[in-house]
Amino acid sequence: MAPDDSTRGNARSAGASGWDTMRAVDRSRLIYLIRHGETAGNAERVVQVPGMPLSARGAAQADRLAHRLADAGIARILSSDLPRAAMTAEALRRRGDAPLDLDPLLQERNFGDVRGTPYAQLAVDLFAPDYAPPNGESWPTFRARVAEAWARVVAAAAATPGHLAVVTHGLVCRVLAETHLRLPAGQVAPLRWENTSVTICDGAAPWPVRLLNCAAHLDGQATGPRHDTTLA
């Protein structure tokens with residue numbers, strides 16, 4: 001089944017005030033963790049296939065994200081090499097001219113033979129802890145890969161003379177928030193991550209989160225009605 005979308009409104013309203021707060025904090029080295037923009041697979045509630053690009057709406061979201069972060073001081077961008085993430089990262093690169101590196105370790109969880117299936121037709125809970133998709137990644141395998149990806153992110157942040165942007169996928173964001181970042185007191189890792197949402201944490205251990213899953217830049221988006229999108 002598809003993940004619970006009930007947190008969407010809370011994430012967006014809390015994120016808007018959080019972004020205002022960010023403007024007043026110091027400019028120490030930060031990591032900007034970003035989910036990719038919307039795809040047709042998101043909008044149609046289909047388990048994503050690897051080559052799915054951004055939709056027109058997703059490209060508009062990426063442009064809004066790039067405008068929002070244009071003066072954020074991002075000095076380097078790491079991104080998943082899947083098209084939906086790479087296209088989102090390219091929008092950031094065009095706006096701010098930071099170098100962009102693609103890393104397959106930042107890819108979304110591989111759902112193997114299930115990819116391309118509408119969520120409504122799934123006979124299993126895709127996100128159950130013990131579910132291993134045929135020819136795909138189990139949760140333990142995926143979490144181990146995300147841990148390896150995070151080690152690369154940490155090394156890149158330490159070597160970057162400025163802020164680092166990391167463009168990836170919903171489940172990667174979720175695992176990072178659950179196991180590698182320190183969330184504010186009383187907050188838990190969201191089950192659902194907004195398209196082009198921004199999460200900001202300090203660039204050094206213990207990586208406290210200053211802003212979580214914020215998509216305030218999409219408020220009032222004029223590219224059509226907002227879709228009930230899927231996680232990955």
# chains A, B, ... in the order shown; residues from 1 in each chain; ligands from 1
$ select_by_dssp --residues "range 22-58 of chain A" --states "alpha helix (DSSP H)" --output "PDB file with N, CA and C atoms, in the first residue's frame"
ATOM      1  N   MET A  22      15.492  30.080   9.825  1.00  0.00           N
ATOM      2  CA  MET A  22      16.808  29.818   9.268  1.00  0.00           C
ATOM      3  C   MET A  22      17.514  31.086   8.835  1.00  0.00           C
ATOM      4  N   ALA A  40       5.707  11.791 -13.362  1.00  0.00           N
ATOM      5  CA  ALA A  40       4.419  11.208 -13.733  1.00  0.00           C
ATOM      6  C   ALA A  40       4.104   9.999 -12.863  1.00  0.00           C
ATOM      7  N   GLY A  41       5.127   9.236 -12.490  1.00  0.00           N
ATOM      8  CA  GLY A  41       4.922   8.093 -11.611  1.00  0.00           C
ATOM      9  C   GLY A  41       4.391   8.500 -10.253  1.00  0.00           C
ATOM     10  N   ASN A  42       4.916   9.606  -9.703  1.00  0.00           N
ATOM     11  CA  ASN A  42       4.371  10.135  -8.454  1.00  0.00           C
ATOM     12  C   ASN A  42       2.903  10.479  -8.612  1.00  0.00           C
ATOM     13  N   ALA A  43       2.599  11.249  -9.643  1.00  0.00           N
ATOM     14  CA  ALA A  43       1.238  11.749  -9.826  1.00  0.00           C
ATOM     15  C   ALA A  43       0.246  10.622 -10.097  1.00  0.00           C
ATOM     16  N   GLU A  44       0.697   9.599 -10.798  1.00  0.00           N
ATOM     17  CA  GLU A  44      -0.183   8.489 -11.163  1.00  0.00           C
ATOM     18  C   GLU A  44      -0.162   7.358 -10.130  1.00  0.00           C
ATOM     19  N   ALA A  56       6.450  18.053 -16.157  1.00  0.00           N
ATOM     20  CA  ALA A  56       6.477  19.512 -16.287  1.00  0.00           C
ATOM     21  C   ALA A  56       6.258  20.170 -14.932  1.00  0.00           C
ATOM     22  N   ARG A  57       5.355  19.612 -14.133  1.00  0.00           N
ATOM     23  CA  ARG A  57       5.112  20.147 -12.793  1.00  0.00           C
ATOM     24  C   ARG A  57       6.355  19.982 -11.924  1.00  0.00           C
ATOM     25  N   GLY A  58       7.025  18.817 -12.029  1.00  0.00           N
ATOM     26  CA  GLY A  58       8.233  18.590 -11.258  1.00  0.00           C
ATOM     27  C   GLY A  58       9.359  19.536 -11.642  1.00  0.00           C
TER      28      GLY A  58
END
$ residues_around --residues "range 73-75 of chain A" --least-positions-apart "6" --cutoff "6 Å" --atoms "only C-alpha atoms" --output "JSON, numbers by chain"
{"A": [98, 162, 163, 164]}
$ closest_atom_pairs --of "range 158-215 of chain A" --to "range 82-88 of chain A" --cutoff "12 Å" --atoms "only C-alpha atoms" --output "CSV"
residue,atom,partner,partner_atom,distance
A:Ala165,CA,A:Thr88,CA,11.2
A:Val166,CA,A:Ala85,CA,9.6
A:Val167,CA,A:Ala85,CA,6.0
A:Thr168,CA,A:Ala85,CA,5.8
A:His169,CA,A:Ala85,CA,7.3
A:Gly170,CA,A:Ala85,CA,10.7
A:Val172,CA,A:Ala85,CA,11.9
A:Asn195,CA,A:Thr88,CA,10.0
A:Thr196,CA,A:Thr88,CA,7.9
A:Ser197,CA,A:Thr88,CA,11.3
$ write_last_selection --atoms "C-alpha atoms" --output "mmCIF file, in the first residue's frame"
data_model
loop_
_atom_site.group_PDB
_atom_site.id
_atom_site.type_symbol
_atom_site.label_atom_id
_atom_site.label_comp_id
_atom_site.auth_asym_id
_atom_site.auth_seq_id
_atom_site.Cartn_x
_atom_site.Cartn_y
_atom_site.Cartn_z
ATOM 1 C CA ALA A 165 23.287 20.145 -1.223
ATOM 2 C CA VAL A 166 22.318 16.467 -1.475
ATOM 3 C CA VAL A 167 19.524 15.613 -3.919
ATOM 4 C CA THR A 168 18.033 12.181 -3.417
ATOM 5 C CA HIS A 169 14.758 10.299 -2.843
ATOM 6 C CA GLY A 170 12.013 9.953 -0.273
ATOM 7 C CA VAL A 172 16.713 7.769 1.438
ATOM 8 C CA ASN A 195 8.677 16.727 -3.650
ATOM 9 C CA THR A 196 11.623 19.179 -3.575
ATOM 10 C CA SER A 197 11.363 19.372 0.216
#
$ residues_around --residues "Arg68 in chain A" --least-positions-apart "6" --cutoff "12 Å" --atoms "only C-alpha atoms" --output "PDB file with N, CA and C atoms, in the first residue's frame"
ATOM      1  N   TRP A  19      11.687  27.972   7.878  1.00  0.00           N
ATOM      2  CA  TRP A  19      12.541  28.653   6.908  1.00  0.00           C
ATOM      3  C   TRP A  19      12.792  30.094   7.325  1.00  0.00           C
ATOM      4  N   ASP A  20      11.769  30.773   7.852  1.00  0.00           N
ATOM      5  CA  ASP A  20      11.968  32.124   8.346  1.00  0.00           C
ATOM      6  C   ASP A  20      13.002  32.149   9.459  1.00  0.00           C
ATOM      7  N   ARG A  23      16.778  32.084   8.425  1.00  0.00           N
ATOM      8  CA  ARG A  23      17.408  33.311   7.941  1.00  0.00           C
ATOM      9  C   ARG A  23      18.120  34.064   9.060  1.00  0.00           C
ATOM     10  N   GLN A  61       8.686  22.741 -10.020  1.00  0.00           N
ATOM     11  CA  GLN A  61       9.044  22.656  -8.604  1.00  0.00           C
ATOM     12  C   GLN A  61      10.550  22.817  -8.424  1.00  0.00           C
ATOM     13  N   ALA A  62      11.332  22.175  -9.292  1.00  0.00           N
ATOM     14  CA  ALA A  62      12.788  22.287  -9.205  1.00  0.00           C
ATOM     15  C   ALA A  62      13.241  23.724  -9.425  1.00  0.00           C
ATOM     16  N   ILE A  74      25.332  27.548  -1.340  1.00  0.00           N
ATOM     17  CA  ILE A  74      25.648  26.155  -1.667  1.00  0.00           C
ATOM     18  C   ILE A  74      26.879  26.118  -2.574  1.00  0.00           C
ATOM     19  N   ALA A  91      18.845  21.874 -11.944  1.00  0.00           N
ATOM     20  CA  ALA A  91      18.203  23.177 -11.749  1.00  0.00           C
ATOM     21  C   ALA A  91      18.949  23.993 -10.701  1.00  0.00           C
ATOM     22  N   LEU A  92      19.391  23.343  -9.636  1.00  0.00           N
ATOM     23  CA  LEU A  92      20.194  24.042  -8.628  1.00  0.00           C
ATOM     24  C   LEU A  92      21.523  24.504  -9.216  1.00  0.00           C
ATOM     25  N   ARG A  95      21.222  27.597 -11.459  1.00  0.00           N
ATOM     26  CA  ARG A  95      20.921  28.837 -10.733  1.00  0.00           C
ATOM     27  C   ARG A  95      22.130  29.339  -9.955  1.00  0.00           C
ATOM     28  N   GLY A  96      22.893  28.408  -9.332  1.00  0.00           N
ATOM     29  CA  GLY A  96      23.971  28.835  -8.449  1.00  0.00           C
ATOM     30  C   GLY A  96      25.366  28.524  -8.933  1.00  0.00           C
ATOM     31  N   THR A 196      10.685  18.054  -3.739  1.00  0.00           N
ATOM     32  CA  THR A 196      11.623  19.179  -3.575  1.00  0.00           C
ATOM     33  C   THR A 196      11.658  19.717  -2.156  1.00  0.00           C
ATOM     34  N   SER A 197      11.267  18.900  -1.168  1.00  0.00           N
ATOM     35  CA  SER A 197      11.363  19.372   0.216  1.00  0.00           C
ATOM     36  C   SER A 197      12.826  19.560   0.613  1.00  0.00           C
ATOM     37  N   VAL A 198      13.043  20.489   1.526  1.00  0.00           N
ATOM     38  CA  VAL A 198      14.377  20.824   2.022  1.00  0.00           C
ATOM     39  C   VAL A 198      14.462  20.462   3.501  1.00  0.00           C
ATOM     40  N   CYS A 214      10.653  20.664   4.478  1.00  0.00           N
ATOM     41  CA  CYS A 214       9.954  21.919   4.207  1.00  0.00           C
ATOM     42  C   CYS A 214       9.821  22.153   2.705  1.00  0.00           C
ATOM     43  N   ALA A 215       8.591  22.363   2.258  1.00  0.00           N
ATOM     44  CA  ALA A 215       8.324  22.669   0.854  1.00  0.00           C
ATOM     45  C   ALA A 215       7.547  23.969   0.730  1.00  0.00           C
ATOM     46  N   ALA A 216       7.868  24.944   1.579  1.00  0.00           N
ATOM     47  CA  ALA A 216       7.148  26.218   1.562  1.00  0.00           C
ATOM     48  C   ALA A 216       7.264  26.923   0.217  1.00  0.00           C
ATOM     49  N   HIS A 217       8.333  26.649  -0.534  1.00  0.00           N
ATOM     50  CA  HIS A 217       8.504  27.287  -1.841  1.00  0.00           C
ATOM     51  C   HIS A 217       7.463  26.835  -2.861  1.00  0.00           C
ATOM     52  N   LEU A 218       6.707  25.775  -2.556  1.00  0.00           N
ATOM     53  CA  LEU A 218       5.669  25.305  -3.469  1.00  0.00           C
ATOM     54  C   LEU A 218       4.299  25.888  -3.159  1.00  0.00           C
TER      55      LEU A 218
END
$ closest_atom_pairs --of "range 35-79 of chain A" --to "range 111-115 of chain A" --cutoff "7 Å" --atoms "only C-alpha atoms" --output "tab-separated table"
residue	atom	partner	partner_atom	distance
A:Val47	CA	A:Arg115	CA	5.0
A:Gln48	CA	A:Arg115	CA	5.7
A:Val49	CA	A:Arg115	CA	5.3
$ select_by_dssp --residues "range 74-170 of chain A" --states "strand (DSSP E or B)" --output "JSON list (two decimals) with C-alpha atoms, in the first residue's frame"
[["chain", "number", "residue", "atom", "x", "y", "z"],
["A", 74, "ILE", "CA", 25.65, 26.15, -1.67],
["A", 75, "ALA", "CA", 29.18, 25.35, -2.84],
["A", 76, "ARG", "CA", 28.74, 21.76, -4.03],
["A", 77, "ILE", "CA", 25.90, 19.44, -5.06],
["A", 78, "LEU", "CA", 25.77, 15.66, -4.71],
["A", 79, "SER", "CA", 22.89, 13.86, -6.37],
["A", 100, "LEU", "CA", 27.48, 18.77, -9.44],
["A", 101, "ASP", "CA", 28.53, 15.17, -8.84],
["A", 102, "LEU", "CA", 26.27, 12.15, -9.39],
["A", 118, "PRO", "CA", 0.34, 0.95, -9.69],
["A", 163, "HIS", "CA", 27.24, 24.40, 2.17],
["A", 164, "LEU", "CA", 26.54, 21.04, 0.55],
["A", 165, "ALA", "CA", 23.29, 20.14, -1.22],
["A", 166, "VAL", "CA", 22.32, 16.47, -1.47],
["A", 167, "VAL", "CA", 19.52, 15.61, -3.92],
["A", 168, "THR", "CA", 18.03, 12.18, -3.42]]
